[in-house]
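Source file: final-v3.tsv; contents: TSV, C-alpha atoms.
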```tsv
chain	number	residue	atom	x	y	z
Q	250	MET	CA	-25.88	26.25	-22.39
Q	251	ILE	CA	-25.03	23.96	-19.53
Q	252	ALA	CA	-22.55	25.38	-17.07
Q	253	THR	CA	-20.01	23.04	-15.63
Q	254	ASN	CA	-20.64	22.29	-12.00
Q	255	PRO	CA	-17.64	22.94	-9.76
Q	256	THR	CA	-16.73	19.78	-7.94
Q	257	ILE	CA	-14.28	18.54	-5.42
Q	258	ASP	CA	-12.88	15.06	-5.05
Q	259	ARG	CA	-14.02	13.23	-1.97
Q	260	ILE	CA	-11.89	10.34	-0.87
Q	261	THR	CA	-13.78	7.23	0.03
Q	262	GLY	CA	-10.83	5.00	0.91
Q	263	LYS	CA	-11.18	5.52	4.65
Q	264	ILE	CA	-10.53	2.48	6.76
Q	265	SER	CA	-13.41	3.48	9.01
Q	266	ASP	CA	-15.76	2.70	6.09
Q	267	GLN	CA	-14.88	-0.97	6.53
Q	268	SER	CA	-16.00	-3.46	9.16
Q	269	LEU	CA	-14.15	-3.56	12.48
Q	270	LEU	CA	-12.90	-7.08	11.78
Q	271	PHE	CA	-11.39	-5.99	8.47
Q	272	GLN	CA	-9.89	-2.83	9.98
Q	273	TYR	CA	-8.08	-4.63	12.78
Q	274	THR	CA	-7.05	-7.57	10.61
Q	275	VAL	CA	-5.43	-5.27	8.04
Q	276	LYS	CA	-3.67	-3.29	10.76
Q	277	LEU	CA	-2.39	-6.49	12.35
Q	278	VAL	CA	-1.23	-7.84	8.99
Q	279	LEU	CA	0.81	-4.70	8.42
Q	280	ILE	CA	2.38	-4.66	11.90
Q	281	VAL	CA	3.09	-8.39	12.01
Q	282	SER	CA	4.43	-8.55	8.44
Q	283	PHE	CA	6.76	-5.63	9.09
Q	284	SER	CA	7.99	-7.31	12.30
Q	285	GLU	CA	8.46	-10.55	10.37
Q	286	LEU	CA	10.41	-8.67	7.69
Q	287	ILE	CA	12.78	-7.29	10.31
Q	288	LEU	CA	13.09	-10.36	12.55
Q	289	TYR	CA	12.96	-13.23	10.07
Q	290	ARG	CA	14.26	-11.91	6.80
Q	291	LEU	CA	16.74	-9.32	8.08
Q	292	VAL	CA	17.93	-10.29	11.57
Q	293	SER	CA	18.33	-13.98	10.69
Q	294	ARG	CA	20.64	-13.01	7.84
Q	295	LEU	CA	22.43	-10.54	10.06
Q	296	GLY	CA	23.12	-13.36	12.54
Q	297	MET	CA	24.68	-15.49	9.82
Q	298	HIS	CA	27.30	-12.83	9.16
Q	299	LEU	CA	28.32	-12.36	12.77
Q	300	SER	CA	30.15	-15.64	13.31
Q	301	LYS	CA	33.47	-13.98	14.19
Q	302	LEU	CA	31.83	-11.65	16.65
Q	303	ALA	CA	29.83	-14.55	18.12
Q	304	GLN	CA	33.07	-16.31	19.12
Q	305	ALA	CA	33.94	-13.38	21.37
Q	306	HIS	CA	30.45	-12.72	22.73
Q	307	GLU	CA	28.42	-15.71	23.90
Q	308	TRP	CA	25.10	-13.89	24.02
Q	309	ILE	CA	24.97	-13.28	20.27
Q	310	ILE	CA	23.97	-16.77	19.09
Q	311	PRO	CA	21.11	-17.39	21.56
Q	312	THR	CA	19.78	-13.86	21.06
Q	313	PHE	CA	19.72	-14.11	17.30
Q	314	THR	CA	18.31	-17.65	17.45
Q	315	ALA	CA	15.46	-16.44	19.67
Q	316	LEU	CA	14.75	-13.44	17.43
Q	317	THR	CA	14.72	-15.63	14.33
Q	318	GLN	CA	12.34	-18.09	15.99
Q	319	ILE	CA	10.01	-15.24	16.86
Q	320	GLY	CA	10.23	-14.11	13.22
Q	321	GLN	CA	9.40	-17.62	12.02
Q	322	TRP	CA	6.40	-17.74	14.34
Q	323	LEU	CA	5.30	-14.34	13.00
Q	324	LEU	CA	5.55	-15.71	9.46
Q	325	ASN	CA	2.86	-18.24	10.33
Q	326	VAL	CA	0.77	-15.60	12.10
Q	327	VAL	CA	0.93	-13.40	8.97
Q	328	ALA	CA	-0.26	-16.33	6.85
Q	329	ILE	CA	-3.32	-16.87	9.08
Q	330	LEU	CA	-4.11	-13.14	9.20
Q	331	LEU	CA	-3.78	-12.93	5.42
Q	332	PHE	CA	-6.36	-15.68	5.03
Q	333	LEU	CA	-8.73	-13.77	7.28
Q	334	ALA	CA	-8.10	-10.40	5.59
Q	335	LEU	CA	-8.48	-11.77	2.07
Q	336	GLY	CA	-11.59	-13.72	3.05
Q	337	VAL	CA	-13.26	-10.68	4.62
Q	338	GLY	CA	-12.04	-8.47	1.75
Q	339	VAL	CA	-13.55	-10.74	-0.89
Q	340	VAL	CA	-16.87	-10.96	1.00
Q	341	SER	CA	-16.86	-7.16	1.33
Q	342	ARG	CA	-16.23	-6.73	-2.41
Q	343	MET	CA	-19.03	-9.13	-3.24
Q	344	ALA	CA	-21.42	-7.39	-0.83
Q	345	GLY	CA	-20.48	-3.96	-2.16
Q	346	ARG	CA	-20.52	-4.53	-5.88
Q	347	GLY	CA	-21.74	-8.04	-6.53
Q	348	PHE	CA	-20.31	-10.55	-8.95
Q	349	VAL	CA	-19.78	-8.07	-11.80
Q	350	GLY	CA	-16.86	-6.45	-13.63
Q	351	THR	CA	-13.39	-7.29	-12.38
Q	352	ASN	CA	-14.95	-9.14	-9.43
Q	353	MET	CA	-15.84	-11.93	-11.86
Q	354	ILE	CA	-12.13	-12.65	-12.20
Q	355	VAL	CA	-10.65	-11.31	-8.95
Q	356	VAL	CA	-12.95	-13.16	-6.56
Q	357	PRO	CA	-12.48	-16.65	-8.10
Q	358	CYS	CA	-8.74	-16.04	-8.42
Q	359	VAL	CA	-8.35	-15.04	-4.76
Q	360	ALA	CA	-10.52	-17.97	-3.67
Q	361	LEU	CA	-8.41	-20.32	-5.79
Q	362	LEU	CA	-5.18	-18.88	-4.35
Q	363	LEU	CA	-6.43	-19.49	-0.80
Q	364	LEU	CA	-7.53	-23.04	-1.69
Q	365	LEU	CA	-4.21	-23.79	-3.37
Q	366	THR	CA	-2.30	-22.46	-0.35
Q	367	VAL	CA	-4.24	-24.80	1.94
Q	368	GLY	CA	-3.83	-27.63	-0.54
Q	369	PHE	CA	-0.08	-27.13	-0.74
Q	370	LEU	CA	0.14	-27.51	3.04
Q	371	LEU	CA	-1.14	-31.07	2.60
Q	372	ILE	CA	0.46	-31.90	-0.74
Q	373	PRO	CA	3.73	-30.08	-1.48
Q	374	PRO	CA	3.50	-28.23	-4.80
Q	375	ALA	CA	5.36	-29.76	-7.68
Q	376	PHE	CA	6.41	-27.79	-10.75
Q	377	LEU	CA	2.92	-27.59	-12.18
Q	378	GLY	CA	1.25	-26.56	-8.92
Q	379	SER	CA	3.76	-23.78	-8.43
Q	380	ALA	CA	3.27	-22.51	-12.00
Q	381	ILE	CA	-0.52	-22.53	-11.61
Q	382	TYR	CA	-0.28	-20.67	-8.29
Q	383	ASN	CA	1.90	-17.93	-9.77
Q	384	PHE	CA	-0.25	-17.69	-12.89
Q	385	VAL	CA	-3.45	-17.25	-10.85
Q	386	ALA	CA	-1.72	-14.61	-8.71
Q	387	LEU	CA	-0.60	-12.77	-11.86
Q	388	VAL	CA	-4.14	-12.78	-13.32
Q	389	ALA	CA	-5.59	-11.46	-10.03
Q	390	LEU	CA	-2.98	-8.70	-9.87
Q	391	ILE	CA	-3.55	-7.68	-13.50
Q	392	CYS	CA	-7.30	-7.38	-12.86
Q	393	LEU	CA	-6.82	-5.40	-9.65
Q	394	MET	CA	-4.39	-3.06	-11.36
Q	395	VAL	CA	-6.75	-2.58	-14.33
Q	396	GLU	CA	-9.42	-1.60	-11.80
Q	397	TYR	CA	-6.97	0.77	-10.09
Q	398	LEU	CA	-5.97	2.38	-13.40
Q	399	SER	CA	-9.59	2.81	-14.44
Q	400	THR	CA	-10.48	4.65	-11.22
Q	401	HIS	CA	-7.26	6.69	-10.92
Q	402	THR	CA	-6.78	9.00	-13.86
Q	403	GLU	CA	-3.77	10.94	-12.56
Q	404	TRP	CA	-0.53	10.15	-14.38
Q	405	SER	CA	1.44	9.82	-11.15
Q	406	HIS	CA	-0.89	7.07	-9.91
Q	407	ARG	CA	-0.96	5.30	-13.25
Q	408	ALA	CA	2.83	5.42	-13.66
Q	409	MET	CA	3.27	3.94	-10.18
Q	410	GLY	CA	0.66	1.24	-10.78
Q	411	ILE	CA	2.00	0.20	-14.19
Q	412	THR	CA	5.64	0.05	-13.08
Q	413	TYR	CA	4.67	-1.96	-10.00
Q	414	LEU	CA	2.63	-4.42	-12.05
Q	415	LEU	CA	5.43	-4.83	-14.60
Q	416	GLY	CA	7.92	-5.26	-11.77
Q	417	ILE	CA	5.94	-7.99	-10.05
Q	418	GLY	CA	4.98	-9.40	-13.45
Q	419	GLY	CA	8.66	-9.78	-14.35
Q	420	TRP	CA	9.30	-11.84	-11.23
Q	421	LEU	CA	6.16	-13.96	-11.75
Q	422	TYR	CA	7.02	-14.51	-15.44
Q	423	TYR	CA	10.48	-15.68	-14.40
Q	424	GLN	CA	8.94	-18.09	-11.89
Q	425	ILE	CA	6.20	-19.41	-14.20
Q	426	VAL	CA	8.34	-19.95	-17.29
Q	427	SER	CA	11.30	-21.44	-15.39
Q	428	THR	CA	8.95	-23.84	-13.57
Q	429	ILE	CA	7.19	-24.92	-16.75
Q	430	TYR	CA	10.53	-25.57	-18.47
Q	431	GLY	CA	11.58	-27.59	-15.44
Q	432	PHE	CA	8.30	-29.54	-15.56
Q	433	ILE	CA	8.72	-30.31	-19.26
Q	434	GLY	CA	12.31	-31.32	-18.62
Q	435	THR	CA	13.78	-29.38	-21.47
Q	436	VAL	CA	17.39	-28.26	-21.28
Q	437	ALA	CA	16.81	-25.16	-23.40
Q	438	ALA	CA	16.99	-21.84	-21.57
Q	439	PRO	CA	13.56	-20.21	-21.09
Q	440	PRO	CA	13.14	-17.04	-23.16
Q	441	PHE	CA	13.82	-13.67	-21.54
Q	442	VAL	CA	13.70	-14.98	-17.97
Q	443	TYR	CA	16.90	-13.26	-16.91
Q	444	GLU	CA	15.83	-9.99	-18.56
Q	445	ALA	CA	12.35	-10.22	-17.00
Q	446	HIS	CA	13.80	-10.90	-13.57
Q	447	ARG	CA	16.34	-8.08	-13.59
Q	448	GLY	CA	14.04	-5.69	-15.43
Q	449	GLY	CA	11.25	-6.43	-12.98
Q	450	GLU	CA	13.53	-5.72	-10.06
Q	451	GLY	CA	14.51	-2.40	-11.61
Q	452	LEU	CA	10.88	-1.49	-12.24
Q	453	LEU	CA	9.99	-2.23	-8.62
Q	454	VAL	CA	12.72	0.17	-7.53
Q	455	LEU	CA	11.32	2.75	-9.95
Q	456	SER	CA	7.80	2.12	-8.63
Q	457	SER	CA	8.89	2.65	-5.04
Q	458	ILE	CA	10.25	6.04	-6.10
Q	459	LEU	CA	7.16	6.92	-8.14
Q	460	VAL	CA	4.95	6.18	-5.15
Q	461	MET	CA	6.37	9.31	-3.53
Q	462	TRP	CA	5.29	11.35	-6.55
Q	463	ALA	CA	1.85	9.76	-6.50
Q	464	TYR	CA	1.07	9.81	-2.78
Q	465	GLY	CA	3.65	12.04	-1.09
Q	466	ARG	CA	1.68	15.24	-1.46
Q	467	GLY	CA	1.24	15.70	2.26
Q	468	VAL	CA	4.61	17.42	2.32
Q	469	SER	CA	4.06	19.82	-0.54
Q	470	PHE	CA	4.55	23.56	-0.06
Q	471	ARG	CA	1.88	24.24	-2.63
Q	472	THR	CA	-1.01	24.21	-0.21
Q	473	ARG	CA	-3.18	26.90	1.34
Q	474	ASN	CA	-3.56	24.88	4.50
Q	475	GLN	CA	-1.33	26.64	7.06
Q	476	ARG	CA	-0.96	23.56	9.25
Q	477	GLN	CA	0.04	21.38	6.32
Q	478	ARG	CA	2.50	23.99	5.08
Q	479	ARG	CA	4.09	24.23	8.54
Q	480	ARG	CA	4.46	20.46	8.63
Q	481	ALA	CA	6.00	20.49	5.16
Q	482	ILE	CA	8.52	23.12	6.26
Q	483	TRP	CA	9.47	21.04	9.31
Q	484	PHE	CA	9.69	17.86	7.28
Q	485	TRP	CA	11.87	19.23	4.50
Q	486	ALA	CA	14.04	21.31	6.81
Q	487	THR	CA	14.76	18.23	8.99
Q	488	ALA	CA	15.27	15.94	5.99
Q	489	GLY	CA	17.58	18.48	4.29
Q	490	SER	CA	19.60	19.04	7.47
Q	491	VAL	CA	20.05	15.32	8.14
Q	492	PHE	CA	20.97	14.65	4.51
Q	493	THR	CA	23.55	17.46	4.47
Q	494	LEU	CA	24.97	16.34	7.82
Q	495	MET	CA	25.32	12.76	6.54
Q	496	LEU	CA	27.25	14.01	3.50
Q	497	PHE	CA	29.88	15.70	5.70
Q	498	LEU	CA	29.68	13.39	8.74
Q	499	ASP	CA	32.71	11.32	7.79
Q	500	TYR	CA	34.84	14.43	7.20
Q	501	LEU	CA	33.74	16.04	10.48
Q	502	LEU	CA	34.29	12.86	12.51
Q	503	ASN	CA	37.69	12.44	10.92
Q	504	ARG	CA	38.65	15.91	12.09
Q	505	TYR	CA	37.34	15.19	15.57
Q	506	ASP	CA	38.68	11.65	16.10
Q	507	PRO	CA	40.12	9.61	13.17
Q	508	GLY	CA	39.81	6.31	15.11
Q	509	MET	CA	36.12	6.79	15.81
Q	510	ALA	CA	35.53	7.87	12.19
Q	511	THR	CA	37.12	4.63	10.95
Q	512	ASN	CA	34.96	2.51	13.26
Q	513	ILE	CA	31.75	4.26	12.22
Q	514	ARG	CA	32.71	3.93	8.54
Q	515	LYS	CA	33.23	0.17	8.97
Q	516	ALA	CA	29.93	-0.20	10.81
Q	517	ALA	CA	28.10	1.72	8.08
Q	518	ASP	CA	29.71	-0.48	5.39
Q	519	GLY	CA	28.62	-3.57	7.32
Q	520	ILE	CA	25.04	-2.41	7.73
Q	521	GLY	CA	24.80	-1.49	4.04
Q	522	TRP	CA	26.27	-4.83	3.02
Q	523	ILE	CA	23.86	-6.79	5.23
Q	524	PHE	CA	20.92	-4.83	3.89
Q	525	GLN	CA	21.96	-5.49	0.30
Q	526	PHE	CA	22.36	-9.21	0.83
Q	527	GLY	CA	19.48	-9.56	3.24
Q	528	MET	CA	16.85	-7.67	1.31
Q	529	GLY	CA	18.19	-7.26	-2.20
Q	530	TYR	CA	18.67	-4.05	-4.14
Q	531	THR	CA	14.94	-3.64	-4.61
Q	532	PHE	CA	14.49	-2.82	-0.98
Q	533	PHE	CA	17.96	-1.43	-0.32
Q	534	LEU	CA	18.17	1.23	-3.02
Q	535	PRO	CA	15.00	3.17	-2.23
Q	536	PHE	CA	15.16	2.45	1.51
Q	537	ALA	CA	15.56	6.12	2.43
Q	538	LEU	CA	12.60	6.98	0.21
Q	539	LEU	CA	10.50	4.21	1.73
Q	540	HIS	CA	11.42	5.42	5.18
Q	541	ASP	CA	10.40	8.96	4.25
Q	542	GLY	CA	7.18	7.56	2.84
Q	543	LEU	CA	6.43	5.78	6.11
Q	544	VAL	CA	6.96	9.04	7.99
Q	545	VAL	CA	4.64	10.82	5.56
Q	546	LEU	CA	1.99	8.13	5.99
Q	547	VAL	CA	2.19	8.22	9.77
Q	548	ILE	CA	2.14	12.01	10.04
Q	549	HIS	CA	-0.35	12.79	7.31
Q	550	GLY	CA	-2.50	9.67	7.28
Q	551	HIS	CA	-6.12	10.41	7.86
M	1306	MET	CA	-5.23	9.27	-0.06
M	1307	GLY	CA	-7.24	7.03	2.21
M	1308	ARG	CA	-5.46	5.14	4.93
M	1309	LEU	CA	-6.46	1.83	3.33
M	1310	ALA	CA	-4.40	2.73	0.28
M	1311	GLY	CA	-1.47	3.55	2.57
M	1312	TYR	CA	-1.73	0.13	4.20
M	1313	GLY	CA	-2.03	-1.44	0.75
M	1314	LEU	CA	1.12	0.28	-0.48
M	1315	GLY	CA	2.94	-0.79	2.68
M	1316	LEU	CA	2.01	-4.44	2.13
M	1317	MET	CA	2.81	-4.29	-1.58
M	1318	PHE	CA	6.32	-3.01	-0.97
M	1319	ILE	CA	7.07	-5.12	2.13
M	1320	ALA	CA	6.30	-8.27	0.15
M	1321	GLY	CA	6.97	-7.20	-3.40
M	1322	TYR	CA	10.73	-7.31	-3.66
M	1323	ALA	CA	10.87	-11.09	-3.83
M	1324	LEU	CA	7.86	-13.41	-3.70
M	1325	LEU	CA	9.77	-16.22	-2.06
M	1326	TYR	CA	6.89	-17.56	0.02
M	1327	SER	CA	3.24	-18.03	-0.87
M	1328	ASN	CA	2.18	-15.69	1.93
M	1329	LEU	CA	4.15	-12.87	0.27
M	1330	THR	CA	2.18	-13.41	-2.93
M	1331	LEU	CA	-1.04	-13.25	-0.92
M	1332	MET	CA	0.24	-10.09	0.77
M	1333	VAL	CA	0.78	-8.40	-2.60
M	1334	VAL	CA	-2.73	-9.39	-3.72
M	1335	LEU	CA	-4.21	-8.01	-0.48
M	1336	GLY	CA	-2.16	-4.83	-0.86
M	1337	ALA	CA	-3.41	-4.31	-4.42
M	1338	MET	CA	-6.97	-4.97	-3.25
M	1339	LEU	CA	-6.63	-2.31	-0.55
M	1340	LEU	CA	-5.14	0.11	-3.06
M	1341	THR	CA	-8.16	-0.25	-5.35
M	1342	MET	CA	-10.42	0.71	-2.43
M	1343	ASP	CA	-8.93	4.22	-2.52
M	1344	ARG	CA	-11.35	5.96	-4.83
M	1345	HIS	CA	-12.00	9.57	-5.62
M	1346	ARG	CA	-15.65	10.43	-5.98
M	1347	ARG	CA	-16.71	13.70	-7.53
M	1348	ASP	CA	-19.34	15.43	-5.43
M	1349	ALA	CA	-21.21	18.61	-6.12
M	1350	THR	CA	-19.98	21.54	-4.06
M	1351	ASP	CA	-21.73	24.58	-5.33
M	1352	SER	CA	-25.25	25.10	-6.51
M	1353	ALA	CA	-26.25	22.94	-9.40
M	1354	PRO	CA	-26.89	24.65	-12.76
M	1355	ALA	CA	-30.34	26.03	-13.18
M	1356	THR	CA	-31.15	23.48	-15.86
M	1357	ASN	CA	-30.63	20.65	-13.38
M	1358	ALA	CA	-32.07	22.22	-10.25
M	1359	PRO	CA	-35.21	20.60	-8.84
M	1360	MET	CA	-38.25	22.82	-8.44
M	1361	ILE	CA	-39.54	21.01	-5.38
M	1362	SER	CA	-37.55	20.02	-2.36
M	1363	THR	CA	-36.90	16.33	-2.07
M	1364	PRO	CA	-36.54	14.47	1.24
M	1365	GLY	CA	-32.84	15.14	0.90
M	1366	PHE	CA	-33.39	18.88	1.13
M	1367	ILE	CA	-34.41	21.01	4.05
M	1368	GLY	CA	-35.76	24.37	3.07
M	1369	GLY	CA	-34.08	24.19	-0.33
M	1370	ARG	CA	-30.63	23.64	1.15
M	1371	THR	CA	-28.32	20.77	0.38
M	1372	TYR	CA	-27.02	18.09	2.69
M	1373	LEU	CA	-24.69	18.61	5.63
M	1374	THR	CA	-21.65	17.35	3.76
M	1375	ASP	CA	-22.30	19.75	0.96
M	1376	LEU	CA	-22.88	22.63	3.32
M	1377	CYS	CA	-19.73	22.08	5.30
M	1378	THR	CA	-17.29	21.28	2.51
M	1379	THR	CA	-17.93	24.31	0.34
M	1380	GLY	CA	-16.52	26.69	2.93
M	1381	ASN	CA	-18.75	29.55	1.77
M	1382	ARG	CA	-22.10	28.57	3.22
M	1383	MET	CA	-22.23	27.86	6.92
M	1384	ASN	CA	-20.48	26.06	9.69
M	1385	GLU	CA	-21.26	22.52	10.79
M	1386	PRO	CA	-23.42	23.24	13.89
M	1387	THR	CA	-25.66	25.55	11.88
M	1388	ALA	CA	-25.96	22.93	9.17
M	1389	ARG	CA	-26.82	20.25	11.73
M	1390	ARG	CA	-29.51	22.39	13.27
M	1391	LEU	CA	-31.06	22.91	9.84
M	1392	ILE	CA	-30.95	19.29	8.91
M	1393	SER	CA	-32.19	18.17	12.35
M	1394	GLY	CA	-30.55	14.80	12.07
M	1395	ARG	CA	-33.03	13.20	9.69
M	1396	ALA	CA	-31.09	13.15	6.44
M	1397	ILE	CA	-27.66	12.42	7.84
M	1398	SER	CA	-27.49	11.62	11.49
M	1399	GLY	CA	-23.92	11.34	12.67
M	1400	ASN	CA	-20.87	11.27	10.46
M	1401	ALA	CA	-20.76	14.16	8.03
M	1402	ASP	CA	-18.39	12.27	5.74
M	1403	ALA	CA	-20.30	9.01	5.76
M	1404	PRO	CA	-20.51	7.90	2.15
M	1405	SER	CA	-23.48	5.68	2.89
M	1406	GLY	CA	-25.56	8.71	3.84
M	1407	PHE	CA	-24.41	10.59	0.80
M	1408	GLY	CA	-24.99	7.60	-1.41
M	1409	ARG	CA	-28.70	7.69	-0.63
M	1410	LEU	CA	-29.12	11.12	-2.20
M	1411	PRO	CA	-31.71	11.39	-4.94
M	1412	GLY	CA	-30.71	11.13	-8.58
M	1413	PRO	CA	-29.53	14.58	-9.71
M	1414	PHE	CA	-27.16	14.90	-6.76
M	1415	LEU	CA	-25.46	11.56	-7.18
M	1416	LEU	CA	-22.36	12.30	-9.21
```
Here is a file; write its structure as structure tokens.
Amino acid sequence: MIATNPTIDRITGKISDQSLLFQYTVKLVLIVSFSELILYRLVSRLGMHLSKLAQAHEWIIPTFTALTQIGQWLLNVVAILLFLALGVGVVSRMAGRGFVGTNMIVVPCVALLLLLTVGFLLIPPAFLGSAIYNFVALVALICLMVEYLSTHTEWSHRAMGITYLLGIGGWLYYQIVSTIYGFIGTVAAPPFVYEAHRGGEGLLVLSSILVMWAYGRGVSFRTRNQRQRRRAIWFWATAGSVFTLMLFLDYLLNRYDPGMATNIRKAADGIGWIFQFGMGYTFFLPFALLHDGLVVLVIHGH
Amino acid sequence: MGRLAGYGLGLMFIAGYALLYSNLTLMVVLGAMLLTMDRHRRDATDSAPATNAPMISTPGFIGGRTYLTDLCTTGNRMNEPTARRLISGRAISGNADAPSGFGRLPGPFLL
């Protein structure tokens, strides 16, 4: 009779396992892309909706123009850093595992994506080039997600991975099929593009919620680690208090000063509206969850 | 979760809501690549079953004991300084969690 050997799971996804170049490139990509998201994709749209206010305050237009230009510059920096990170990542994968398994598809696909990106800087992509680019990206993502699903057997991880892939897949399907129909020049509507687009957006929202289930265990009470439990108590007590306060904030402010309550309500409506139009529902709806996730990552990252 | 997976998830969701630019597509691919680097490896914690136990110590063993990582993660054997003294820095020199050191273990202990 062979007894089962008690085991524990060791995590090998530490960034310190990677080369210094890769570590710092990935960190920079994350910081710069987040700054670009705020400055280019959010603030620039915010500026467009402040025309009335800009007539009264002269500083608004130059400030927003400068911030948008910084964001645009960061967009280019992200692109360069992405080239570096993907290049080093592919070399690292090849050195670690060789040209076997999913690497046989992932590595050529990533290399082709990088080549196409450079090529499109010289020759603008037409319909066909754009369709090929999106198709190659979809193949690479499918392979990477298959690899992820094969190494992660927990349902929470798999549910998150599948919904994310289907979400991104919906958007890429919409892009590929619409572009091909445009290339062919047919007037017929492409099949299921609208459904794929909207469904994909919904699945991305679902995935961003499922990611909390999959990776948000750092704030679970079900742990024997005293330090972790204390952090969880602080986290949930603060989150619960803020959430409850926000529910009754309008009522309380109205009792204190109705004028101030009206102003704050208008400002909140404006911010919500700008977020919806600036970033779409995919980012807007689970924003609080994503924010919580960021806090969890920062506090409990190891 | 490894920090790489956290960075990967961050990139995937920063870029994923609308792949309007080619760099956002590349960002999603990089994010997914980082996410796949987060792997769980099953390592032996307690003594191996008698049927699998080696009769003679291998270079990975000092006085019949297991490696530093094994000694320190079980929580019921000994603390890290004691383990280091026993191992004397030959098997695993610095980082107790270094997978490269652990990866060089002989056959029966590679799980």
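Of the listed residues (Q:Ala488, Q:Leu398, Q:Ile309, Q:Val460), Q:Val460 comes nearest to Gly1315 (chain M); the distances count all atoms listed in the file.
Going from CA of Ile458 (chain Q) over to CA of Arg514 (chain Q), you cover 26.9 Å.
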Distance query His401 (chain Q) at most 10 Å, all atoms listed in the file, self and fewer than 3 positions along chain excluded, as a PyMOL selection string: (chain Q and resi 395-398+404-407+410) or (chain M and resi 1341+1343-1345)
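Surrounding residues of (-11.5, -11.2, -11.9) at most 10 Å away are Q:Phe348, Q:Val349, Q:Gly350, Q:Thr351, Q:Asn352, Q:Met353, Q:Ile354, Q:Val355, Q:Val356, Q:Pro357, Q:Cys358, Q:Val359, Q:Val388, Q:Ala389, Q:Leu390, Q:Ile391, Q:Cys392, Q:Leu393, Q:Glu396 (based on all atoms listed in the file).
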Print the selection's residues with C-alpha atoms to a file, as an mmCIF file, keeping the file's coordinate frame.
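Final output, again.cif:
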```cif
data_model
loop_
_atom_site.group_PDB
_atom_site.id
_atom_site.type_symbol
_atom_site.label_atom_id
_atom_site.label_comp_id
_atom_site.auth_asym_id
_atom_site.auth_seq_id
_atom_site.Cartn_x
_atom_site.Cartn_y
_atom_site.Cartn_z
ATOM 1 C CA PHE Q 348 -20.310 -10.550 -8.950
ATOM 2 C CA VAL Q 349 -19.780 -8.070 -11.800
ATOM 3 C CA GLY Q 350 -16.860 -6.450 -13.630
ATOM 4 C CA THR Q 351 -13.390 -7.290 -12.380
ATOM 5 C CA ASN Q 352 -14.950 -9.140 -9.430
ATOM 6 C CA MET Q 353 -15.840 -11.930 -11.860
ATOM 7 C CA ILE Q 354 -12.130 -12.650 -12.200
ATOM 8 C CA VAL Q 355 -10.650 -11.310 -8.950
ATOM 9 C CA VAL Q 356 -12.950 -13.160 -6.560
ATOM 10 C CA PRO Q 357 -12.480 -16.650 -8.100
ATOM 11 C CA CYS Q 358 -8.740 -16.040 -8.420
ATOM 12 C CA VAL Q 359 -8.350 -15.040 -4.760
ATOM 13 C CA VAL Q 388 -4.140 -12.780 -13.320
ATOM 14 C CA ALA Q 389 -5.590 -11.460 -10.030
ATOM 15 C CA LEU Q 390 -2.980 -8.700 -9.870
ATOM 16 C CA ILE Q 391 -3.550 -7.680 -13.500
ATOM 17 C CA CYS Q 392 -7.300 -7.380 -12.860
ATOM 18 C CA LEU Q 393 -6.820 -5.400 -9.650
ATOM 19 C CA GLU Q 396 -9.420 -1.600 -11.800
#
```
Computed interatomic separation between CA of Gln272 (chain Q) and CA of Ala1310 (chain M) (Å): 12.5 Å
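The coordinates place CA of Ala516 (chain Q) at 13.0 Å from CA of Leu302 (chain Q).
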Residues near region 325-339 of chain Q, cut-off 7 Å, all atoms listed in the file, skip fewer than 6 positions along chain, as a list in words: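 Final neighbour list, sorted by chain and number: Phe271, Thr274, Val275, Val278, Val281, Ser282, Val356 and Leu363 of chain Q; Asn1328, Leu1331, Met1332 and Leu1335 of chain M.
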Pick from Q:Arg346, Q:Pro439, Q:Leu286, Q:Phe432 nearest to Pro374 (chain Q), counting all atoms listed in the file: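 Checking each candidate against Pro374 (chain Q), we get Q:Phe432 as the closest.
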Near-region 494-498 of chain Q list (12 Å; only C-alpha atoms; drop same-chain fewer than 6 positions) as a ChimeraX atom specification: /Q:487-488,504-507,509-511,513-514,517
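If you measure from each of Q:Ala344, Q:Ile520, Q:Met394, Q:Ala463 to Leu1340 (chain M) using all atoms listed in the file, the closest one turns out to be Q:Met394.
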